[in-house]
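Here is the structure we will look at, set down as structure tokens.
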Amino acid sequence: MQQLAQKAVTKKQLLEAVESDFKLLPVLISGASSPKAAVRYGCASVLVDLTAKHPEKLYSHMDFFLSLLDSKHRVLKWNGMAGVANLCAVDADTRFGAAFDKSYGSLSDEYMVTVANVVGNSARIAQAKPYLVPRITAELLRVDKISTSPHLTEECKRVIAEHAVKSFDEFFDLVSTKDRATVLSFVQKYADSSRVSLRNEAARFLKKWSS
């Protein structure tokens with residue numbers, strides 16, 4: 001941890017060290033609460049990478065990632081969202097189900113990046129847990145109704161909508177027949193968006209799924 005704080009070790013080297021000895025995991029988890037930002041965020045970032053590469057090795061620490069959803073540090077909250085989404089693939093005990101409301105409650109957050117992280121991680125959760133697709137679909141459909149704030153403008157809402165369209169594209173094949181028309185109508189609203197990338201994403205989605 002001292003080497004990480006002094007930038008004498010890279011996150012890649014730290015990742016490789018843990019992959020060679022997973023008994024080091026508690027050290028990383030402890031480091032994620034360090035008062036030193038370089039250590040705190042470095043450890044959390046490596047932990048998220050490990051959930052993507054070795055979810056089965058990290059699953060016993062699911063509660064740690066869920067606890068990050070309540071962190072006062074926004075970056076740690078985002079790390080928690082990504083880690084939890086990755087661990088859903090091996091969530092045999094359905095721990096995420098009990099945390100669903102907390103996770104999607106962040107759609108009401110005043111910061112764009114927090115909301116975008118919820119939306120962006122949704123596809124992985126939906127693919128891992130098809131039984132939650134109706135609930136995830138309902139949550140994503142309400143992103144155009146979220147309130148603006150000094151940190152979440154109308155343009156920010158368009159960025160979030162773009163994330164929603166991309167997420168829907170990744171799990172649209174799992175969406176029920178009765179919900180598909182609603183999702184298509186949601187995407188159609190952005191076919192003429194002033195945000196070029198959102199407009200293009202909507203057009204691509206509609207071309208792919210409207211037939």
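We label chains A, B, ... in the order they appear in the structure tokens, count residues from 1 in each chain, and number ligands from 1 in the order shown.
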
Notebook entry, point to check: If you count only C-alpha atoms, which residues fall within 12 Å of A:Lys207, apart from same-chain ones fewer than 6 positions away, as a count of residues only?
Noted result: 7

Closest atom pairs, stretch 4-42 of chain A residues within 10 Å of stretch 72-77 of chain A, only C-alpha atoms, as a Markdown table:
```
| residue | atom | partner | partner_atom | distance |
| --- | --- | --- | --- | --- |
| A:Ala32 | CA | A:Leu76 | CA | 8.2 |
| A:Ser33 | CA | A:Leu76 | CA | 9.3 |
| A:Arg40 | CA | A:Leu76 | CA | 8.4 |
| A:Tyr41 | CA | A:Leu76 | CA | 7.1 |
```

Next, dump the selected residues to file, keeping only N, CA and C atoms, as a PDB file, in the first residue's frame.
```pdb
ATOM      1  N   ALA A  32      -8.891   0.000   0.342  1.00  0.00           N
ATOM      2  CA  ALA A  32      -9.970   0.785  -0.265  1.00  0.00           C
ATOM      3  C   ALA A  32     -10.582   1.786   0.709  1.00  0.00           C
ATOM      4  N   SER A  33     -10.268   1.652   1.988  1.00  0.00           N
ATOM      5  CA  SER A  33     -10.756   2.621   2.969  1.00  0.00           C
ATOM      6  C   SER A  33      -9.627   3.521   3.476  1.00  0.00           C
ATOM      7  N   ARG A  40      -6.647   4.452  -1.834  1.00  0.00           N
ATOM      8  CA  ARG A  40      -8.088   4.144  -1.801  1.00  0.00           C
ATOM      9  C   ARG A  40      -8.619   3.809  -3.185  1.00  0.00           C
ATOM     10  N   TYR A  41      -8.363   4.688  -4.137  1.00  0.00           N
ATOM     11  CA  TYR A  41      -8.909   4.489  -5.475  1.00  0.00           C
ATOM     12  C   TYR A  41      -8.129   3.447  -6.270  1.00  0.00           C
TER      13      TYR A  41
END
```

Long-range neighbours of A:Lys11 as a PDB file with N, CA and C atoms, in the first residue's frame, 8 Å cut-off, only C-alpha atoms, 5 positions minimum in chain:
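Okay, out-v4.pdb is ready:
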```
ATOM      1  N   LEU A   4       2.087   1.780  -3.427  1.00  0.00           N
ATOM      2  CA  LEU A   4       1.024   2.313  -4.270  1.00  0.00           C
ATOM      3  C   LEU A   4       0.876   3.812  -4.032  1.00  0.00           C
ATOM      4  N   GLY A  42      -6.844   3.340  -5.989  1.00  0.00           N
ATOM      5  CA  GLY A  42      -6.049   2.311  -6.667  1.00  0.00           C
ATOM      6  C   GLY A  42      -6.508   0.920  -6.293  1.00  0.00           C
ATOM      7  N   CYS A  43      -6.716   0.698  -4.990  1.00  0.00           N
ATOM      8  CA  CYS A  43      -7.171  -0.610  -4.518  1.00  0.00           C
ATOM      9  C   CYS A  43      -8.573  -0.926  -5.041  1.00  0.00           C
ATOM     10  N   SER A  45     -10.058   0.198  -7.690  1.00  0.00           N
ATOM     11  CA  SER A  45     -10.017  -0.046  -9.129  1.00  0.00           C
ATOM     12  C   SER A  45      -9.537  -1.459  -9.443  1.00  0.00           C
ATOM     13  N   VAL A  46      -8.510  -1.901  -8.738  1.00  0.00           N
ATOM     14  CA  VAL A  46      -7.986  -3.252  -8.950  1.00  0.00           C
ATOM     15  C   VAL A  46      -9.027  -4.285  -8.535  1.00  0.00           C
TER      16      VAL A  46
END
```

Next item on the list: Fewer than 2 positions away in the same chain doesn't count, so skip those; otherwise give me all residues within 12 Å of A:Lys189, counting only C-alpha atoms, as a PyMOL selection string.
Entry: chain A and resi 141+144+158+161-162+165+182-187+191-194+198-199+201-203+206

Notebook entry, point to check: Can you list, as a ChimeraX atom specification, every residue of stretch 74-203 of chain A that DSSP puts in helix (DSSP H, G or I)?
Noted result: /A:74-90,95-108,112-120,122-128,130-140,143-145,154-174,177-188,196-203

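Nearest residue to A:Ala52, choosing from A:Val175, A:Leu87, A:Val39, A:Leu28 and counting only C-alpha atoms: A:Leu87.
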
Checklist line | Residue with smallest distance to A:Val90 - pool A:Cys156, A:Val9, A:Ile29, A:Met62, counting only C-alpha atoms | finding: A:Met62

Checklist line | Separation of atom CA of A:Thr51 from atom CA of A:Thr10 in Å | finding: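 These two atoms are separated by 18.3 Å.
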
Checklist line | 10 Å contact set for A:Asn86, only C-alpha atoms, chain neighbours under 4 positions out, as a PyMOL selection string | finding: chain A and resi 48-55+58-59+80-82+90-91+121+124-125+128

Margin query: Ranking A:Trp78, A:Phe64, A:Tyr190, A:Trp209 by minimum distance to A:Ser106 and counting only C-alpha atoms, which one comes first?
Written below: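 Distance minimum relative to A:Ser106 lands on A:Trp78.
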
Notebook entry, point to check: Between A:Ala37, A:Ala181, A:Leu24, A:Leu174, which one has atoms that come closest to A:Gln127, using only C-alpha atoms?
Noted result: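 Ranked by minimum distance to A:Gln127, first place goes to A:Leu174.
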
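Using only C-alpha atoms, the shortest contact distance between A:Gln6 and any of A:Lys166, A:Lys145, A:Lys36, A:Arg195 is found at A:Lys36.
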
Notebook entry, point to check: Which of these, A:Ala164, A:Leu132, A:Leu66, A:Ala92, has the shortest distance to A:Val118 once you count only C-alpha atoms?
Noted result: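 With only C-alpha atoms as the atom set, the closest residue is A:Ala164.
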
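The gap separating atom CA of A:His163 from atom CA of A:Thr177 is 22.0 Å, in Å to one decimal.
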